[in-house]
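**Student:** Here it is: the structure, laid out below.
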2 protein chains.
Amino acid sequence: MNKLTIKMLAKELGLSVSTISKAIRDSHEISNTTKLRVNELVEKLNYVPNPYASSLRRRNSKTIGVVIPEVVDSFFAQAINGIESVAQEKGYHVLIYLTHESFEKEKRILQDFESGRVDGVLMSVSRETNHCSHIEGLMNMGVPLVFFDRVYDAIETTKVTTNDYESAYLSTTHLIEKGCKQILFLSFSTSLSISNKRLNGYKDALLKHNFNIVEKNILAFSNDFRSDYLLLKRKLQSAKRADGILASVEKLAITVYQACEDLQLNIPNDIQVISFSNLDSASFLNPPLTTITQPAFEIGKTAAAVLVKALKKTKYEIQTDEIIVPSTLIIRKSTKV
Amino acid sequence: MNKLTIKMLAKELGLSVSTISKAIRDSHEISNTTKLRVNELVEKLNYVPNPYASSLRRRNSKTIGVVIPEVVDSFFAQAINGIESVAQEKGYHVLIYLTHESFEKEKRILQDFESGRVDGVLMSVSRETNHCSHIEGLMNMGVPLVFFDRVYDAIETTKVTTNDYESAYLSTTHLIEKGCKQILFLSFSTSLSISNKRLNGYKDALLKHNFNIVEKNILAFSNDFRSDYLLLKRKLQSAKRADGILASVEKLAITVYQACEDLQLNIPNDIQVISFSNLDSASFLNPPLTTITQPAFEIGKTAAAVLVKALKKTKYEIQTDEIIVPSTLIIRKSTKV
DNA sequence: TTTATTTACGAAACCGTTTTCGTACAAAAC
DNA sequence: GTTTTGTACGAAAACGGTTTCGTAAATAAA
């Protein structure tokens with residue numbers, strides 16, 4: 001009933017507390033016979049050491065903190081899977097925190113981490129984040145942090161992303177090749193590096209094909225479906241309607257489909273659409289959505305692996321490294337053949 | 001650089017450790033002037049108490065453990081959101097664990113919880129789970145546990161679910177009314193209570209309308225897309241092909257769409273489909289999928305609220321309570337008008 | 001045989017808080 | 001003026017492990 005402690009085991013076996021502790025951790029100081037006796041009792045009574053006592057003494061927690069904007073995006077859902085897979089394998093626990101794209105929340109979470117709650121952090125920055133003193137603060141305390149997907153450029157650490165620029169370049173080119181004359185870029189943040197990389201890919205593809213960059217074709221979206229929807233709808237009702245769309249984030253694709261349906265615009269005949277997306281159901285949308293499919297699981301897994309590897313060393317040293325796991329453009333029916 | 005401790009604050013202010021601690025926790029034993037001085041320094045140095053030291057001493061962790069099969073199902077993604085929203089509000093931390101439908105993993109996770117790592121548990125049992133000694137073991141240690149969605153009937157605690165039986169009954173009835181003569185039920189577990197409730201809803205609806213229950217029309221799926229796909233495809237190629245499908249879980253809907261596409265079966269003309277699903281994109285599938293949409297966020301939120309409320313009491317007492325948050329049948333084009 | 005080394009264990013300090021208890025002093029009650 | 005009550009703080013004992021260091025006995029080296 002009451003929580004089992006090492007002291008009780010010690011009494012039971014007529015050994016000292018330290019001997020039990022060492023036996024459990026398989027120390028060379030303890031004889032095999034004693035280890036056997038101890039392990040037997042541990043097994044029998046189902047003893048699990050109090051992790052907080054251990055953490056306190058050993059000054060680590062075997063826990064990693066994951067800070068992400070949301071989970072309701074299949075990218076992050078899959079990324080968590082990847083993270084969790086290596087955490088589980090390596091004996092780490094995963095604390096999860098959602099910022100809901102709020103900088104304030106992000107800051108509070110990282111500040112809490114200064115307490116030593118986590119050994120390391122995996123992070124995808126919020127849309128609002130435009131400075132990084134909170135991140136620097138944490139890293140200066142010696143807490144290693146690895147970015148994935150949404151990185152913050154100015155911070156020197158490992159960043160695991162996909163080839164955002166190239167993917168956007170490629171898809172914009174694809175739209176151009178399929179005859180689009182006026183392509184909208186749906187952005188979800190003006191400050192985020194990832195968003196800008198995608199934007200630059202879009203821009204460079206336009207320039208490369210001798211298109212003008214029309215600032216009004218770059219739409220900045222909020223995080224509110226309703227207002228995003230209205231913004232897009234209005235844009236699509238304008239005189240010289242666009243005939244191509246590159247959505248830089250999954251949920252904007254849904255917004256596009258909704259607006260087009262309501263405006264009775266046919267995809268891809270009236271307007272062609274490509275979106276960054278990891279939806280399993282992309283092929284069964286009407287029409288099937290041409291996507292830039294990110295290796296979300298892989299990204300999460302890689303980021304976690306890098307972090308865990310750094311945690312193994314006594315002196316946490318994280319390389320300033322950009323690991324790029326490429327996306328694939330999967331052409332479906334929302335663009336012309 | 002080095003971690004800040006209460007001792008350093010004490011030295012800095014010429015006060016004792018206990019005074020600082022009490023001041024921070026706003027104890028009545030401490031004068032307002034002292035509290036002010038302490039809080040000022042805390043603010044200035046950005047001091048955050050070591051959570052593990054606190055946890056050790058106070059014998060609680062302000063942490064809840066969430067144990068779910070996966071995240072790559074929009075139901076669980078949304079549920080996590082709900083859970084996190086109340087955790088954040090109430091100052092709890094969220095440890096997340098995925099069982100990947102493995103009973104062994106589930107058991108290991110719950111066993112670890114016996115260490116006192118978490119104050120309480122939110123759980124959706126794995127598909128394989130068919131006995132509950134591990135759950136009982138944990139609860140006997142005094143760790144409160146609330147089930148959500150996938151409950152284990154035999155355990156007495158709060159269970160937050162949706163109206164699984166009624167939803168299945170309703171959708172089966174809908175299929176019958178739309179002219180289906182032979183309806184498949186796609187099950188994802190034979191042992192899980194939730195799956196059986198849905199199955200019973202399906203069966204009772206059939207009986208009510210004087211249909212026979214054909215055991216061969218109840219298909220048990222694994223967790224592997226490929227084999228599920230083959231199973232379904234074979235079934236749909238048989239002589240007397242079914243003309244209706246009720247999928248008891250989201251990802252099976254995708255399997256159905258895939259199989260129908262490959263077999264050139266038109267939904268809803270050749271075969272009508274309803275699925276339990278929370279996909280945002282359901283309306284944009286081809287055809288738009290008629291769904292039983294579960295209040296996933298709400299379920300997560302409610303479960304977390306119940307748990308947190310129980311944790312507030314000194315004597316954790318969780319009522320044996322079944323909270324049912326109803327789903328809604330949203331009729332779209334995968335069933336006839 | 002004596003000395004050095006190894007083996008196997010225990011005592012006690014320590015990790016950073018919280019909490020109980022004791023106490024000095026001031027204010028109130030008598 | 002003495003006793004009682006309150007106020008504001010500090011010393012020290014937890015919490016449950018881990019780790020350092022000391023040591024007795026057994027073994028190896030001299």
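Scheme for the structure tokens: letters A, B, ... for chains in order shown; per-chain residue numbers from 1; ligand numbers from 1 in order shown.
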Residues of chain A near chain D: apply a cut-off of 7 Å, count only C-alpha atoms (C1' of nucleotides), and supply the list as a list in words.

**Tutor:**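 The contacting residues on chain A are Thr5, Asn50, Ala53, Ser54, Arg57 and Arg58 of chain A.
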
**Student:** Between chain A and chain C, at 10 Å or less, what are the per-residue closest atom pairs and their distances in Å? Count only C-alpha atoms (C1' of nucleotides), order by chain and rising residue number, and return it as JSON lines.

**Tutor:**
{"residue": "A:Leu15", "atom": "CA", "partner": "C:DG10", "partner_atom": "C1'", "distance": 8.5}
{"residue": "A:Ser16", "atom": "CA", "partner": "C:DG10", "partner_atom": "C1'", "distance": 6.2}
{"residue": "A:Val17", "atom": "CA", "partner": "C:DG10", "partner_atom": "C1'", "distance": 8.4}
{"residue": "A:Ser18", "atom": "CA", "partner": "C:DG10", "partner_atom": "C1'", "distance": 7.4}
{"residue": "A:Thr19", "atom": "CA", "partner": "C:DC9", "partner_atom": "C1'", "distance": 6.8}
{"residue": "A:His28", "atom": "CA", "partner": "C:DA8", "partner_atom": "C1'", "distance": 9.4}
{"residue": "A:Glu29", "atom": "CA", "partner": "C:DA8", "partner_atom": "C1'", "distance": 6.2}
{"residue": "A:Ile30", "atom": "CA", "partner": "C:DA8", "partner_atom": "C1'", "distance": 5.9}
{"residue": "A:Ser31", "atom": "CA", "partner": "C:DA8", "partner_atom": "C1'", "distance": 6.5}
{"residue": "A:Thr34", "atom": "CA", "partner": "C:DA8", "partner_atom": "C1'", "distance": 9.5}
{"residue": "A:Ala53", "atom": "CA", "partner": "C:DC15", "partner_atom": "C1'", "distance": 8.3}
{"residue": "A:Ser54", "atom": "CA", "partner": "C:DC15", "partner_atom": "C1'", "distance": 8.8}
{"residue": "A:Ser55", "atom": "CA", "partner": "C:DC15", "partner_atom": "C1'", "distance": 8.4}
{"residue": "A:Leu56", "atom": "CA", "partner": "C:DC15", "partner_atom": "C1'", "distance": 5.0}
{"residue": "A:Arg57", "atom": "CA", "partner": "C:DC15", "partner_atom": "C1'", "distance": 4.1}
{"residue": "A:Arg58", "atom": "CA", "partner": "C:DC15", "partner_atom": "C1'", "distance": 7.3}
{"residue": "A:Arg59", "atom": "CA", "partner": "C:DC15", "partner_atom": "C1'", "distance": 7.5}

**Student:** So what do you get for CA of Ser275 in chain B versus CA of Ser102 in chain B, distance-wise?

**Tutor:**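 Atom-to-atom, CA of Ser275 in chain B and CA of Ser102 in chain B are spaced 24.1 Å apart.
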
**Student:** Counting only C-alpha atoms, which residues of chain B sit at most 8 Å from some atom of chain A, and what is each one's closest atom pair with its distance in Å to one decimal, listed by chain and rising residue number, as a Markdown table?

**Tutor:**
| residue | atom | partner | partner_atom | distance |
| --- | --- | --- | --- | --- |
| B:Met1 | CA | A:Met141 | CA | 5.2 |
| B:Asn2 | CA | A:Met141 | CA | 6.6 |
| B:Lys3 | CA | A:Met141 | CA | 7.0 |
| B:Asn46 | CA | A:Gln111 | CA | 7.9 |
| B:Tyr47 | CA | A:Ser115 | CA | 7.7 |
| B:Val48 | CA | A:Ser115 | CA | 5.1 |
| B:Pro49 | CA | A:Ser115 | CA | 5.9 |
| B:Asn50 | CA | A:Ser115 | CA | 5.0 |
| B:Pro51 | CA | A:Arg117 | CA | 6.3 |
| B:Tyr52 | CA | A:Tyr52 | CA | 5.0 |
| B:Ala53 | CA | A:Leu56 | CA | 5.9 |
| B:Ser55 | CA | A:Tyr52 | CA | 6.5 |
| B:Leu56 | CA | A:Tyr52 | CA | 5.7 |
| B:Glu70 | CA | A:Asn81 | CA | 7.6 |
| B:Val71 | CA | A:Ala77 | CA | 5.6 |
| B:Val72 | CA | A:Ala77 | CA | 5.5 |
| B:Ser74 | CA | A:Val72 | CA | 7.0 |
| B:Ala77 | CA | A:Val72 | CA | 5.5 |
| B:Gln78 | CA | A:Val72 | CA | 6.0 |
| B:Ile80 | CA | A:Val71 | CA | 7.5 |
| B:Asn81 | CA | A:Val71 | CA | 6.9 |
| B:Glu84 | CA | A:Leu98 | CA | 7.3 |
| B:His93 | CA | A:Leu95 | CA | 7.0 |
| B:Val94 | CA | A:Leu95 | CA | 5.5 |
| B:Leu95 | CA | A:Leu95 | CA | 4.5 |
| B:Ile96 | CA | A:Val94 | CA | 5.8 |
| B:Tyr97 | CA | A:Val94 | CA | 7.4 |
| B:Leu98 | CA | A:Glu84 | CA | 7.4 |
| B:Gln111 | CA | A:Val48 | CA | 7.8 |
| B:Asp112 | CA | A:Val48 | CA | 6.5 |
| B:Glu114 | CA | A:Val48 | CA | 6.7 |
| B:Ser115 | CA | A:Asn50 | CA | 5.0 |
| B:Gly116 | CA | A:Asn50 | CA | 6.4 |
| B:Arg117 | CA | A:Pro51 | CA | 6.4 |
| B:Asn140 | CA | A:Met1 | CA | 6.4 |
| B:Met141 | CA | A:Met1 | CA | 5.2 |
| B:Gly142 | CA | A:Met1 | CA | 7.5 |
| B:Ile254 | CA | A:Ser281 | CA | 6.5 |
| B:Tyr257 | CA | A:Phe284 | CA | 7.1 |
| B:Gln258 | CA | A:Phe284 | CA | 7.9 |
| B:Asp280 | CA | A:Ile254 | CA | 7.8 |
| B:Ser281 | CA | A:Ile254 | CA | 6.5 |
| B:Phe284 | CA | A:Leu285 | CA | 5.4 |
| B:Leu285 | CA | A:Leu285 | CA | 3.9 |
| B:Asn286 | CA | A:Asn286 | CA | 4.7 |
| B:Pro287 | CA | A:Asn286 | CA | 7.1 |

**Student:** Tell me, which residues of range 171-293 of chain B carry DSSP alpha helix (DSSP H), written as a PyMOL selection string?

**Tutor:** chain B and resi 171-177+193-208+225-237+250-262

**Student:** Take the residues from that selection and put them in a file with C-alpha atoms, as a PDB file, in the first residue's frame.

**Tutor:**
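Output contents, as saved in selection-v3.pdb:
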ATOM      1  CA  SER B 171     -25.147   5.264 -37.990  1.00  0.00           C
ATOM      2  CA  THR B 172     -26.092   1.686 -38.704  1.00  0.00           C
ATOM      3  CA  THR B 173     -29.708   2.746 -38.746  1.00  0.00           C
ATOM      4  CA  HIS B 174     -28.778   5.526 -41.112  1.00  0.00           C
ATOM      5  CA  LEU B 175     -27.119   3.070 -43.466  1.00  0.00           C
ATOM      6  CA  ILE B 176     -30.156   0.818 -43.327  1.00  0.00           C
ATOM      7  CA  GLU B 177     -32.484   3.689 -44.041  1.00  0.00           C
ATOM      8  CA  SER B 193     -14.991  -2.348 -24.357  1.00  0.00           C
ATOM      9  CA  ILE B 194     -15.277   0.646 -26.653  1.00  0.00           C
ATOM     10  CA  SER B 195     -15.069  -1.539 -29.706  1.00  0.00           C
ATOM     11  CA  ASN B 196     -17.660  -3.912 -28.338  1.00  0.00           C
ATOM     12  CA  LYS B 197     -20.016  -1.116 -27.472  1.00  0.00           C
ATOM     13  CA  ARG B 198     -19.833   0.107 -31.015  1.00  0.00           C
ATOM     14  CA  LEU B 199     -20.274  -3.416 -32.241  1.00  0.00           C
ATOM     15  CA  ASN B 200     -23.329  -3.876 -30.067  1.00  0.00           C
ATOM     16  CA  GLY B 201     -24.826  -0.669 -31.354  1.00  0.00           C
ATOM     17  CA  TYR B 202     -24.341  -2.015 -34.845  1.00  0.00           C
ATOM     18  CA  LYS B 203     -25.815  -5.391 -33.970  1.00  0.00           C
ATOM     19  CA  ASP B 204     -28.832  -4.014 -32.177  1.00  0.00           C
ATOM     20  CA  ALA B 205     -29.609  -1.691 -35.035  1.00  0.00           C
ATOM     21  CA  LEU B 206     -29.530  -4.631 -37.403  1.00  0.00           C
ATOM     22  CA  LEU B 207     -31.797  -6.700 -35.181  1.00  0.00           C
ATOM     23  CA  LYS B 208     -34.156  -3.822 -34.697  1.00  0.00           C
ATOM     24  CA  PHE B 225      -2.273  -0.809 -42.922  1.00  0.00           C
ATOM     25  CA  ARG B 226      -1.135  -3.286 -45.506  1.00  0.00           C
ATOM     26  CA  SER B 227      -2.747  -6.360 -44.025  1.00  0.00           C
ATOM     27  CA  ASP B 228      -5.875  -4.427 -43.134  1.00  0.00           C
ATOM     28  CA  TYR B 229      -6.083  -3.240 -46.700  1.00  0.00           C
ATOM     29  CA  LEU B 230      -5.752  -6.756 -48.081  1.00  0.00           C
ATOM     30  CA  LEU B 231      -8.325  -8.125 -45.697  1.00  0.00           C
ATOM     31  CA  LEU B 232     -10.830  -5.501 -46.689  1.00  0.00           C
ATOM     32  CA  LYS B 233     -10.110  -5.772 -50.372  1.00  0.00           C
ATOM     33  CA  ARG B 234     -10.629  -9.491 -50.334  1.00  0.00           C
ATOM     34  CA  LYS B 235     -13.884  -9.029 -48.519  1.00  0.00           C
ATOM     35  CA  LEU B 236     -15.084  -6.479 -51.041  1.00  0.00           C
ATOM     36  CA  GLN B 237     -14.254  -8.769 -53.933  1.00  0.00           C
ATOM     37  CA  GLU B 250     -10.617   6.844 -38.192  1.00  0.00           C
ATOM     38  CA  LYS B 251      -7.756   5.246 -39.989  1.00  0.00           C
ATOM     39  CA  LEU B 252      -9.946   2.443 -41.240  1.00  0.00           C
ATOM     40  CA  ALA B 253     -11.849   5.026 -43.242  1.00  0.00           C
ATOM     41  CA  ILE B 254      -8.709   5.726 -45.219  1.00  0.00           C
ATOM     42  CA  THR B 255      -8.284   2.011 -45.785  1.00  0.00           C
ATOM     43  CA  VAL B 256     -11.824   1.844 -47.074  1.00  0.00           C
ATOM     44  CA  TYR B 257     -11.318   4.726 -49.478  1.00  0.00           C
ATOM     45  CA  GLN B 258      -8.156   3.152 -50.756  1.00  0.00           C
ATOM     46  CA  ALA B 259      -9.745  -0.234 -51.319  1.00  0.00           C
ATOM     47  CA  CYS B 260     -12.797   1.237 -53.019  1.00  0.00           C
ATOM     48  CA  GLU B 261     -10.668   3.310 -55.314  1.00  0.00           C
ATOM     49  CA  ASP B 262      -8.577   0.326 -56.295  1.00  0.00           C
TER      50      ASP B 262
END

**Student:** Find, counting only C-alpha atoms, the residue in B:Ile299, B:Leu192, B:Val143, B:Ile183 that gets nearest to Glu317 in chain B.

**Tutor:** B:Val143

**Student:** Can you tell me how far CA of Phe103 in chain B sits from CA of Thr129 in chain B, in Å to one decimal?

**Tutor:**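 Rounded to one decimal, the two atoms are 5.4 Å apart.
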
**Student:** From a DSSP pass on the backbone, collect the residues of range 83-233 of chain B flagged as strand (DSSP E or B) and hand them back as a ChimeraX atom specification.

**Tutor:** /B:93-98,120-123,145-148,159-161,183-187,218-220

**Student:** Quick one: of B:Lys240, B:Lys11, B:Arg25, B:Lys301, who's nearest to Phe148 in chain B, counting only C-alpha atoms?

**Tutor:**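 Smallest separation from Phe148 in chain B among the options: B:Lys301.
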